[in-house]
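Note: the block below is run.txt and it holds compact mmCIF, C-alpha atoms and all ligand atoms.
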# COMPACT_ATOMS: atom_id res chain seq x y z
CA MET A 17 19.07 -214.53 89.96
CA ASN A 18 17.90 -217.20 92.43
CA ARG A 19 19.32 -220.63 92.93
CA ARG A 20 19.54 -223.28 95.62
CA LEU A 21 22.51 -223.55 97.91
CA GLY A 22 23.72 -227.11 98.51
CA HIS A 23 24.04 -227.63 102.22
CA ILE A 24 25.70 -225.66 104.98
CA ALA A 25 25.48 -228.07 107.87
CA ALA A 26 23.50 -231.24 108.29
CA THR A 27 21.07 -229.58 110.64
CA LEU A 28 20.74 -226.36 108.69
CA ALA A 29 17.39 -226.17 106.95
CA LEU A 30 17.86 -224.16 103.84
CA VAL A 31 15.05 -222.11 102.43
CA ALA A 32 16.38 -219.88 99.72
CA LEU A 33 19.48 -218.26 98.40
CA ALA A 34 19.46 -214.94 96.68
CA LEU A 35 22.48 -214.02 94.68
CA PHE A 36 23.14 -210.55 93.38
CA ALA A 37 26.16 -209.02 91.78
CA ALA A 38 27.37 -205.91 93.57
CA ARG A 39 30.36 -203.62 93.45
CA MET A 40 32.66 -203.19 96.41
CA GLY A 41 35.21 -200.39 96.45
CA ASN A 42 38.83 -201.38 97.01
CA GLY A 43 40.11 -197.95 98.03
CA ASP A 44 42.41 -197.71 95.04
CA GLY A 45 39.59 -196.91 92.64
CA SER A 46 39.24 -200.48 91.47
CA ALA A 47 36.39 -202.67 92.60
CA ARG A 48 35.79 -206.32 93.19
CA GLU A 49 32.54 -208.13 93.22
CA ALA A 50 30.65 -208.99 96.38
CA LYS A 51 27.57 -211.13 96.18
CA LYS A 52 24.58 -211.32 98.46
CA PHE A 53 23.63 -214.69 99.96
CA SER A 54 20.91 -215.64 102.46
CA VAL A 55 20.03 -218.69 104.45
CA GLU A 56 17.32 -219.48 107.00
CA PHE A 57 17.15 -222.09 109.74
CA PHE A 58 14.48 -223.08 112.23
CA ASP A 59 16.18 -225.21 114.83
CA THR A 60 17.18 -222.61 117.43
CA PHE A 61 15.25 -220.49 119.95
CA ASP A 62 11.85 -221.64 118.59
CA THR A 63 12.08 -219.08 115.86
CA LEU A 64 13.06 -218.53 112.25
CA VAL A 65 16.63 -217.23 112.00
CA SER A 66 17.82 -215.66 108.78
CA PHE A 67 21.39 -214.72 107.94
CA THR A 68 22.27 -212.53 104.98
CA ALA A 69 25.75 -211.41 103.97
CA PHE A 70 27.83 -209.98 101.14
CA THR A 71 30.80 -212.24 100.45
CA LYS A 72 33.11 -212.89 97.55
CA ASP A 73 31.58 -216.30 96.86
CA GLU A 74 29.31 -219.03 98.11
CA ILE A 75 32.08 -220.95 99.86
CA GLU A 76 32.97 -217.93 101.97
CA PHE A 77 29.30 -217.39 102.79
CA GLU A 78 28.87 -221.01 103.85
CA GLY A 79 31.74 -220.62 106.30
CA TYR A 80 30.11 -217.59 107.93
CA ALA A 81 26.70 -219.28 107.94
CA ARG A 82 28.20 -222.23 109.79
CA VAL A 83 29.62 -219.85 112.41
CA VAL A 84 26.16 -218.35 112.96
CA HIS A 85 24.35 -221.67 113.10
CA ASP A 86 26.90 -223.40 115.35
CA GLU A 87 26.90 -220.57 117.88
CA MET A 88 23.10 -220.14 117.89
CA LEU A 89 22.64 -223.90 118.34
CA ARG A 90 25.26 -224.09 121.09
CA LEU A 91 23.60 -221.26 123.04
CA HIS A 92 20.09 -222.56 122.33
CA ARG A 93 21.02 -225.87 123.98
CA LEU A 94 22.67 -224.19 126.96
CA PHE A 95 19.79 -221.77 127.54
CA ASP A 96 16.94 -224.26 126.96
CA ILE A 97 14.81 -224.43 130.13
CA TYR A 98 12.56 -227.24 128.83
CA HIS A 99 15.00 -229.95 127.71
CA ASP A 100 18.30 -231.48 128.70
CA HIS A 101 20.88 -231.87 125.91
CA ASP A 102 23.36 -234.73 126.11
CA GLY A 103 26.49 -234.00 128.02
CA LEU A 104 25.55 -230.35 128.66
CA VAL A 105 24.81 -228.58 131.92
CA GLY A 106 22.21 -226.09 130.75
CA MET A 107 19.53 -223.88 132.30
CA LYS A 108 17.25 -226.89 132.82
CA ALA A 109 19.91 -228.63 134.91
CA ILE A 110 20.36 -225.46 136.96
CA ASN A 111 16.60 -225.33 137.56
CA ASP A 112 16.53 -229.01 138.53
CA ALA A 113 19.39 -228.46 141.01
CA ALA A 114 17.76 -225.46 142.74
CA GLY A 115 18.43 -225.41 146.49
CA GLY A 116 21.11 -228.12 146.16
CA VAL A 117 24.80 -227.89 145.36
CA PRO A 118 26.44 -225.47 142.86
CA LEU A 119 26.81 -226.79 139.30
CA SER A 120 29.83 -226.20 137.06
CA VAL A 121 28.60 -224.34 134.00
CA ASP A 122 29.80 -223.07 130.65
CA ALA A 123 31.11 -219.48 130.83
CA SER A 124 28.24 -218.33 128.55
CA ILE A 125 25.71 -219.37 131.21
CA ALA A 126 27.51 -217.52 133.99
CA ASP A 127 27.85 -214.53 131.67
CA LEU A 128 24.15 -214.40 130.72
CA LEU A 129 23.08 -214.81 134.34
CA GLU A 130 25.40 -211.98 135.46
CA ILE A 131 23.82 -209.79 132.81
CA ALA A 132 20.35 -210.90 133.96
CA LYS A 133 21.13 -210.01 137.57
CA ASP A 134 22.32 -206.57 136.48
CA ALA A 135 19.17 -206.17 134.37
CA TYR A 136 17.00 -206.97 137.38
CA GLU A 137 18.64 -204.11 139.32
CA ASP A 138 18.77 -201.77 136.38
CA THR A 139 15.10 -202.19 135.40
CA GLY A 140 13.77 -202.11 138.97
CA GLY A 141 12.73 -205.77 138.66
CA ALA A 142 10.77 -205.32 135.41
CA VAL A 143 13.03 -207.87 133.70
CA ASN A 144 13.34 -210.76 136.12
CA VAL A 145 14.69 -214.14 134.95
CA THR A 146 13.70 -215.76 138.27
CA LEU A 147 10.00 -215.39 137.38
CA GLY A 148 10.25 -218.93 135.97
CA PRO A 149 7.53 -220.52 138.16
CA VAL A 150 5.07 -217.73 137.27
CA LEU A 151 5.97 -217.79 133.58
CA LYS A 152 5.53 -221.57 133.57
CA ILE A 153 1.92 -221.22 134.73
CA TRP A 154 1.21 -218.79 131.88
CA HIS A 155 3.13 -220.98 129.43
CA ASP A 156 1.08 -224.07 130.42
CA HIS A 157 -2.21 -222.18 130.10
CA ARG A 158 -1.15 -220.98 126.66
CA ASP A 159 -0.23 -224.51 125.62
CA ARG A 160 -3.51 -225.94 126.87
CA ALA A 161 -5.72 -223.17 125.47
CA PRO A 162 -7.91 -224.64 122.74
CA ALA A 163 -7.19 -222.98 119.40
CA ASN A 164 -9.68 -220.26 118.47
CA SER A 165 -12.01 -221.01 121.37
CA GLY A 166 -11.52 -217.56 122.87
CA ASP A 167 -12.59 -218.95 126.22
CA ALA A 168 -9.53 -220.58 127.75
CA PRO A 169 -9.15 -220.79 131.54
CA ILE A 170 -6.84 -218.16 133.05
CA PRO A 171 -4.64 -218.67 136.12
CA SER A 172 -5.91 -217.39 139.46
CA LEU A 173 -4.04 -214.64 141.29
CA GLU A 174 -3.61 -216.98 144.29
CA GLU A 175 -1.94 -219.59 142.11
CA LEU A 176 0.39 -216.97 140.60
CA GLN A 177 1.25 -215.48 143.98
CA ALA A 178 2.02 -218.92 145.39
CA ALA A 179 4.47 -219.44 142.51
CA ALA A 180 6.15 -216.11 143.20
CA THR A 181 7.61 -216.83 146.65
CA HIS A 182 11.26 -216.73 145.60
CA VAL A 183 11.61 -214.38 142.65
CA SER A 184 14.62 -212.25 143.50
CA ALA A 185 17.50 -212.32 141.04
CA SER A 186 19.88 -211.69 143.96
CA ASP A 187 19.24 -215.36 144.88
CA ILE A 188 21.05 -216.51 141.74
CA LEU A 189 24.45 -217.35 143.19
CA ILE A 190 27.25 -217.11 140.64
CA ASP A 191 30.88 -217.93 141.27
CA ARG A 192 32.71 -216.52 138.25
CA GLU A 193 36.11 -217.75 139.39
CA HIS A 194 35.03 -221.39 139.53
CA SER A 195 32.26 -220.93 136.96
CA THR A 196 29.50 -222.38 139.13
CA VAL A 197 25.84 -221.42 139.55
CA LEU A 198 23.26 -222.22 142.21
CA LEU A 199 19.70 -221.07 142.78
CA ARG A 200 19.49 -220.41 146.53
CA HIS A 201 15.95 -221.80 147.07
CA ALA A 202 14.56 -225.18 145.99
CA ASP A 203 11.44 -223.61 144.45
CA MET A 204 13.36 -221.12 142.26
CA ARG A 205 13.24 -221.52 138.46
CA LEU A 206 14.96 -219.51 135.72
CA ASP A 207 13.33 -218.39 132.47
CA VAL A 208 15.83 -216.49 130.34
CA GLY A 209 13.44 -215.89 127.41
CA ALA A 210 13.66 -212.10 127.74
CA ALA A 211 17.38 -211.94 126.92
CA ALA A 212 18.65 -215.28 125.57
CA LYS A 213 17.94 -214.69 121.89
CA GLY A 214 19.43 -211.20 121.92
CA TYR A 215 22.52 -212.54 123.69
CA ALA A 216 22.92 -215.41 121.21
CA VAL A 217 22.64 -213.13 118.19
CA GLN A 218 25.13 -210.72 119.75
CA LYS A 219 27.65 -213.53 120.28
CA ALA A 220 27.16 -214.83 116.74
CA VAL A 221 27.78 -211.35 115.34
CA GLU A 222 30.93 -210.94 117.41
CA LEU A 223 32.26 -214.22 116.00
CA LEU A 224 31.39 -213.09 112.46
CA ARG A 225 33.29 -209.82 112.95
CA ASP A 226 36.29 -211.68 114.36
CA ALA A 227 36.20 -213.99 111.34
CA GLY A 228 36.37 -210.96 109.06
CA LEU A 229 32.81 -210.42 107.82
CA LYS A 230 32.28 -206.79 106.76
CA SER A 231 28.65 -206.78 105.64
CA GLY A 232 25.77 -208.88 106.89
CA LEU A 233 22.76 -209.21 109.13
CA ILE A 234 21.11 -211.77 111.38
CA ASN A 235 17.39 -211.65 112.04
CA ALA A 236 16.24 -214.06 114.75
CA GLY A 237 12.49 -213.58 114.91
CA GLY A 238 12.57 -209.81 115.30
CA ASN A 239 16.01 -209.67 116.95
CA VAL A 240 18.06 -207.99 114.23
CA VAL A 241 21.78 -207.23 114.32
CA ILE A 242 23.71 -205.57 111.50
CA ILE A 243 27.36 -205.69 110.50
CA GLY A 244 28.17 -202.76 108.21
CA PRO A 245 26.22 -201.40 105.23
CA PRO A 246 25.21 -203.70 102.37
CA LEU A 247 27.91 -203.86 99.66
CA ASP A 248 25.57 -202.95 96.83
CA GLY A 249 25.94 -199.19 96.86
CA ARG A 250 23.22 -198.50 99.42
CA GLU A 251 24.13 -196.82 102.71
CA SER A 252 21.90 -199.03 104.85
CA TRP A 253 19.77 -202.13 105.07
CA ASN A 254 15.98 -201.82 105.14
CA ILE A 255 14.74 -203.56 108.25
CA GLY A 256 11.01 -204.23 108.52
CA VAL A 257 9.37 -203.74 111.91
CA ARG A 258 6.27 -205.88 112.36
CA ALA A 259 2.96 -204.23 113.13
CA PRO A 260 1.36 -205.66 116.26
CA ASP A 261 -2.23 -206.77 115.71
CA LEU A 262 -2.67 -205.29 112.25
CA GLU A 263 -3.34 -208.71 110.79
CA GLU A 264 -6.17 -209.26 113.19
CA LEU A 265 -7.67 -205.79 112.94
CA ARG A 266 -7.22 -205.06 109.25
CA PRO A 267 -6.41 -208.29 107.43
CA ALA A 268 -6.10 -206.63 104.03
CA GLU A 269 -3.24 -204.39 105.12
CA SER A 270 0.45 -205.08 105.36
CA LYS A 271 1.94 -206.32 108.61
CA LEU A 272 4.75 -203.78 108.33
CA LEU A 273 4.66 -201.06 110.92
CA ASP A 274 7.87 -199.34 109.92
CA VAL A 275 11.10 -199.67 108.02
CA LEU A 276 14.38 -198.91 109.79
CA TYR A 277 17.43 -197.86 107.75
CA LEU A 278 20.40 -199.37 109.59
CA SER A 279 24.06 -200.00 108.88
CA ASP A 280 25.09 -201.15 112.36
CA GLY A 281 23.80 -202.14 115.79
CA ALA A 282 20.69 -204.00 116.86
CA ALA A 283 16.93 -203.52 116.65
CA VAL A 284 14.74 -205.73 118.85
CA THR A 285 10.96 -205.88 119.15
CA SER A 286 8.84 -207.15 122.05
CA GLY A 287 5.17 -207.53 121.20
CA SER A 288 1.89 -208.74 122.64
CA ASP A 289 1.07 -210.44 119.34
CA GLN A 290 3.87 -212.99 119.50
CA ARG A 291 2.60 -215.60 121.97
CA TYR A 292 -0.84 -215.42 123.53
CA PHE A 293 -4.21 -217.01 124.11
CA THR A 294 -7.61 -215.37 124.38
CA SER A 295 -10.27 -215.66 127.03
CA GLY A 296 -13.44 -213.65 127.56
CA GLY A 297 -12.55 -211.33 124.69
CA ARG A 298 -9.16 -210.50 126.20
CA ARG A 299 -5.71 -211.39 125.03
CA TYR A 300 -3.28 -212.95 127.52
CA HIS A 301 0.20 -212.63 126.06
CA HIS A 302 3.67 -213.78 127.14
CA ILE A 303 5.27 -210.69 128.71
CA ILE A 304 4.38 -210.64 132.38
CA ASP A 305 4.39 -207.62 134.67
CA PRO A 306 6.17 -208.76 137.87
CA GLU A 307 4.04 -206.30 139.89
CA THR A 308 0.68 -207.80 138.87
CA LEU A 309 1.87 -211.26 137.72
CA PHE A 310 -0.46 -210.74 134.73
CA PRO A 311 0.44 -209.74 131.15
CA ALA A 312 1.75 -206.16 131.01
CA GLU A 313 -0.88 -203.81 129.65
CA ASN A 314 0.84 -200.50 128.94
CA VAL A 315 1.60 -201.00 125.24
CA ARG A 316 1.20 -203.39 122.32
CA SER A 317 4.79 -203.41 121.16
CA VAL A 318 8.18 -201.79 121.71
CA THR A 319 11.06 -201.71 119.27
CA VAL A 320 14.47 -200.76 120.69
CA ARG A 321 17.64 -199.78 118.88
CA HIS A 322 20.98 -200.08 120.66
CA PRO A 323 24.50 -200.97 119.47
CA ASN A 324 24.38 -204.20 121.52
CA SER A 325 21.70 -206.82 120.89
CA THR A 326 21.68 -208.23 124.44
CA VAL A 327 21.03 -204.76 125.82
CA ALA A 328 18.37 -204.06 123.17
CA ASP A 329 16.60 -207.34 124.03
CA ILE A 330 16.53 -206.58 127.74
CA LEU A 331 15.45 -202.98 127.15
CA SER A 332 12.62 -203.96 124.79
CA THR A 333 11.14 -206.32 127.38
CA ALA A 334 11.65 -203.73 130.14
CA ALA A 335 10.17 -200.88 128.09
CA PHE A 336 7.18 -203.11 127.35
CA VAL A 337 6.56 -203.83 131.05
CA LEU A 338 7.33 -200.47 132.66
CA PRO A 339 4.91 -197.51 132.86
CA PRO A 340 5.64 -195.01 130.04
CA ASP A 341 7.60 -192.45 132.07
CA ARG A 342 9.91 -195.06 133.61
CA ALA A 343 10.29 -196.79 130.25
CA ARG A 344 11.34 -193.53 128.58
CA ALA A 345 13.82 -192.76 131.37
CA LEU A 346 15.38 -196.24 131.08
CA ILE A 347 15.74 -195.94 127.30
CA ALA A 348 17.32 -192.47 127.66
CA ARG A 349 19.69 -193.61 130.41
CA HIS A 350 21.09 -196.29 128.09
CA GLY A 351 21.39 -193.95 125.12
CA ALA A 352 18.98 -196.27 123.28
CA GLU A 353 16.18 -195.35 120.86
CA ALA A 354 12.66 -196.74 120.86
CA LEU A 355 9.28 -196.90 119.17
CA TRP A 356 6.17 -197.77 121.19
CA VAL A 357 2.78 -198.76 119.83
CA THR A 358 0.26 -197.93 122.54
CA GLY A 359 -2.90 -199.81 123.43
CA ASP A 360 -4.98 -197.50 121.22
CA GLY A 361 -2.59 -197.91 118.28
CA LYS A 362 -0.65 -194.62 118.62
CA LYS A 363 3.02 -194.63 117.70
CA LEU A 364 5.45 -192.85 120.01
CA ALA A 365 9.15 -192.68 119.21
CA THR A 366 12.35 -191.08 120.44
CA PRO A 367 13.88 -188.52 118.03
CA GLY A 368 16.91 -190.76 117.43
CA TYR A 369 14.62 -193.62 116.45
CA LEU A 370 12.78 -191.45 113.94
CA ALA A 371 16.05 -190.28 112.39
CA ARG A 372 16.57 -193.81 111.00
CA SER A 373 12.93 -194.72 110.39
CA GLN A 374 10.40 -194.40 107.67
CA LEU A 375 7.18 -194.41 109.62
CA VAL A 376 5.00 -195.45 106.78
CA ARG A 377 1.35 -196.27 106.64
CA SER A 378 1.11 -200.01 106.27
CA ALA A 379 -0.60 -199.78 102.90
CA ASP A 380 2.34 -197.81 101.49
CA ALA A 381 4.80 -200.33 102.87
CA ALA A 382 2.91 -203.15 101.20
CA LYS A 383 3.22 -201.36 97.84
CA GLY A 384 6.93 -200.72 98.30
CA GLY A 385 7.76 -204.18 99.66
CA ALA A 386 10.55 -202.39 101.42
CA ALA A 387 11.80 -204.80 104.06
CA GLU A 388 14.61 -207.29 103.75
CA PRO A 389 16.18 -209.81 103.81
P1 LIG B 401 10.84 -210.72 124.81
O1 LIG B 401 10.11 -211.29 123.66
O2 LIG B 401 12.31 -210.54 124.63
O3 LIG B 401 10.20 -209.46 125.35
O4 LIG B 401 10.77 -211.79 126.01
C1 LIG B 401 9.57 -212.41 126.38
C2 LIG B 401 9.89 -213.71 127.09
O5 LIG B 401 10.60 -213.42 128.31
C3 LIG B 401 8.66 -214.49 127.51
O6 LIG B 401 8.31 -215.45 126.53
C4 LIG B 401 9.10 -215.14 128.81
O7 LIG B 401 9.84 -216.32 128.55
C5 LIG B 401 10.04 -214.12 129.40
N1 LIG B 401 9.40 -213.07 130.24
C6 LIG B 401 8.12 -212.61 130.23
N2 LIG B 401 7.95 -211.61 131.10
C7 LIG B 401 9.15 -211.42 131.68
C8 LIG B 401 9.64 -210.52 132.68
N3 LIG B 401 8.88 -209.58 133.22
N4 LIG B 401 10.94 -210.63 133.04
C9 LIG B 401 11.75 -211.56 132.48
N5 LIG B 401 11.35 -212.42 131.55
C10 LIG B 401 10.08 -212.36 131.14
MG MG B 402 13.63 -209.16 125.36

Before anything else, please render the file you have as structure tokens.
Ligand code: AMP
Ligand code: MG
Amino acid sequence: MNRRLGHIAATLALVALALFAARMGNGDGSAREAKKFSVEFFDTFDTLVSFTAFTKDEIEFEGYARVVHDEMLRLHRLFDIYHDHDGLVGMKAINDAAGGVPLSVDASIADLLEIAKDAYEDTGGAVNVTLGPVLKIWHDHRDRAPANSGDAPIPSLEELQAAATHVSASDILIDREHSTVLLRHADMRLDVGAAAKGYAVQKAVELLRDAGLKSGLINAGGNVVIIGPPLDGRESWNIGVRAPDLEELRPAESKLLDVLYLSDGAAVTSGSDQRYFTSGGRRYHHIIDPETLFPAENVRSVTVRHPNSTVADILSTAAFVLPPDRARALIARHGAEALWVTGDGKKLATPGYLARSQLVRSADAAKGGAAEP
């Protein structure tokens, strides 16, 4: 049965609500009904966010949906590097104040930047949020690239190197006690795109758990986090993993690369098909190798599973950038699981990843229509 949900919050753009009756065990042999609701919104992190949960009724679901939307919007505004938001000291303000005096910031900013500094060390610089000036050059070229021309200008190495004078995360100065942040050099700029969405989804899920939600999932443009199994008798949710490039190469086939069967934790994908422009027959995508300052070329996509979504987000970007042996070692060191799609379309996965996956041929997946929500 499908029907429209009224409204959750003024800013929440509703797409659809699916409502199913389900049985939920009570431990004493009796059962009460849990119903499945979904909502989607588009106003955070430049991506579609969907939230699905089993709750006793629509009112309860609306309360949880508001928690998700409020937290995602709050963190979106704080982490936005392109716009100021009234009354907030966000990442843009920190960038604008580079080389000046420390700014008082929300604890979530100091927290994310601490994590980013650790990630810089942990990944040997592969994930580097101080690459802002370099990423801006690529971002501007992408924005200016004429649609479908296939012949957009690309940045010169000299230009990129000139932008990369101060790109050490150790120059992000954080005072946790007073909750202040300063970028040491005037030409430093942050871009937290590699971790911000994963962090925001993680925080939203923590709030949902604290509020008592037992069964649900958030999918923020390929950043998926699960709370418990679905309350409809199944042991796990079916999570679709997008196939990089399949649309372009074989338009008739499904865009599903895989289905993951998950009842907890996060699954995050980094892919070369998400943001790019083409020039001279080559694709220039949005994940930049700090060693070359050009788009990383080792793989087409990486999907990482880890209990924590912030960690999974950082690892998926890192495992995309790093050479295969270092990527595998990093994934193993964190006890994470991963699936890589290589440049020639081969799929490589860790055993733990495969244990929860149905690596299906895309045509089969299209028939089964297996992914949700
Ligand atoms: P993700 O989709 O999580 O892999 O993150 C990609 C986004 O992170 C890009 O759109 C950039 O904003 C940013 N980014 C790209 N390359 C890097 C890098 N090597 N280190 C840190 N951030 C990056
Ligand atoms: Mg990432």

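Considering the residues A:Ala328, A:Val117, A:Ile234, A:Leu273 and counting all atoms listed in the file, Gln374 of chain A has its shortest atom-to-atom contact with A:Leu273.
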
Under the rule of at most 8 Å, produce a per-residue listing of segment 165-256 of chain A near segment 75-96 of chain A: chain, number, name, the closest pair of atoms, and the distance in Å, as a tab-separated table, using all atoms listed in the file.
residue	atom	partner	partner_atom	distance
A:Val208	CA	A:Phe95	CA	7.2
A:Ala212	CA	A:Phe95	CA	6.9
A:Ala216	CA	A:Met88	CA	5.8
A:Val217	CA	A:Met88	CA	7.0
A:Lys219	CA	A:Glu87	CA	7.5
A:Ala220	CA	A:Val84	CA	5.3
A:Val221	CA	A:Val84	CA	7.6
A:Leu223	CA	A:Val83	CA	7.2
A:Leu224	CA	A:Tyr80	CA	6.5
A:Ala227	CA	A:Tyr80	CA	7.9
A:Leu229	CA	A:Tyr80	CA	7.7

### Task
Pick out the residues no farther than 6 Å from ligand LIG 401 (chain B), counting all atoms listed in the file, and list them as a PyMOL selection string.
chain A and resi 142-145+207+209-211+286+302-306+329+333

#### Entry: Residue with smallest distance to Lys52 of chain A - pool A:Ser231, A:Ala202, A:Glu175, A:Asp100, counting only C-alpha atoms
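Looking at the shortest contact to Lys52 of chain A, the residue is A:Ser231.
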
### Query
At what distance in Å, to one decimal, does atom CA of Gly148 of chain A lie from atom CA of Met107 of chain A?
11.1 Å

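Taking all atoms listed in the file into account, Asn314 of chain A lies nearest to A:Phe336 out of the set A:Phe58, A:Phe336, A:Tyr98, A:Tyr136.
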
### Among the residues A:Asp280, A:Leu151, A:Ala345, A:Ala334, the one that comes closest to ligand MG 402 (chain B) [using all atoms listed in the file]
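Using all atoms listed in the file, the shortest distance to ligand MG 402 (chain B) belongs to A:Ala334.
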
### Task
Quick one: pull the distance between atom CA of Lys230 of chain A and atom CA of Ala69 of chain A, Å, one decimal.
8.5 Å

Write out as JSON lines the residues of segment 274-295 of chain A that have any atom within 7 Å of an atom of segment 355-373 of chain A, one row each with the nearest atom pair and its distance in Å to one decimal, counting only C-alpha atoms, sorted by chain and then rising number.
{"residue": "A:Asp274", "atom": "CA", "partner": "A:Ser373", "partner_atom": "CA", "distance": 6.9}
{"residue": "A:Val275", "atom": "CA", "partner": "A:Ser373", "partner_atom": "CA", "distance": 5.8}
{"residue": "A:Leu276", "atom": "CA", "partner": "A:Ser373", "partner_atom": "CA", "distance": 4.5}
{"residue": "A:Tyr277", "atom": "CA", "partner": "A:Arg372", "partner_atom": "CA", "distance": 5.3}
{"residue": "A:Leu278", "atom": "CA", "partner": "A:Arg372", "partner_atom": "CA", "distance": 6.9}

### Query
How many Å separate atom CA of Ile131 of chain A from atom CA of His155 of chain A?
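Answer for the atom CA of Ile131 of chain A to atom CA of His155 of chain A separation: 23.8 Å.
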
### Task
For segment 157-160 of chain A, please output as number ranges by chain all residues within 10 Å (counting all atoms listed in the file; exclusion window: fewer than 5 positions along the same chain).
A: 151-152, 168-171, 291-294, 300-302

### Query
Nearest to ligand MG 402 (chain B) among A:Ala348, A:Leu176, A:Val337, A:Ile110, with distances taken over only C-alpha atoms and all ligand atoms: which residue is it?
A:Val337

### Task
Give as a ChimeraX atom specification the set of residues within 12 Å of the point (20.6, -213.2, 144.8), where distances use the file's coordinates and only C-alpha atoms.
/A:129-130,132-134,136-137,144-146,182-191,197-201,204

Could you save those same residues with C-alpha atoms as a short mmCIF file (atom, residue, chain, number, x, y, z; two decimals), in the frame of the given file?
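Final output, selection25.cif:
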data_model
loop_
_atom_site.label_atom_id
_atom_site.label_comp_id
_atom_site.auth_asym_id
_atom_site.auth_seq_id
_atom_site.Cartn_x
_atom_site.Cartn_y
_atom_site.Cartn_z
CA LEU A 129 23.08 -214.81 134.34
CA GLU A 130 25.40 -211.98 135.46
CA ALA A 132 20.35 -210.90 133.96
CA LYS A 133 21.13 -210.01 137.57
CA ASP A 134 22.32 -206.57 136.48
CA TYR A 136 17.00 -206.97 137.38
CA GLU A 137 18.64 -204.11 139.32
CA ASN A 144 13.34 -210.76 136.12
CA VAL A 145 14.69 -214.14 134.95
CA THR A 146 13.70 -215.76 138.27
CA HIS A 182 11.26 -216.73 145.60
CA VAL A 183 11.61 -214.38 142.65
CA SER A 184 14.62 -212.25 143.50
CA ALA A 185 17.50 -212.32 141.04
CA SER A 186 19.88 -211.69 143.96
CA ASP A 187 19.24 -215.36 144.88
CA ILE A 188 21.05 -216.51 141.74
CA LEU A 189 24.45 -217.35 143.19
CA ILE A 190 27.25 -217.11 140.64
CA ASP A 191 30.88 -217.93 141.27
CA VAL A 197 25.84 -221.42 139.55
CA LEU A 198 23.26 -222.22 142.21
CA LEU A 199 19.70 -221.07 142.78
CA ARG A 200 19.49 -220.41 146.53
CA HIS A 201 15.95 -221.80 147.07
CA MET A 204 13.36 -221.12 142.26
#
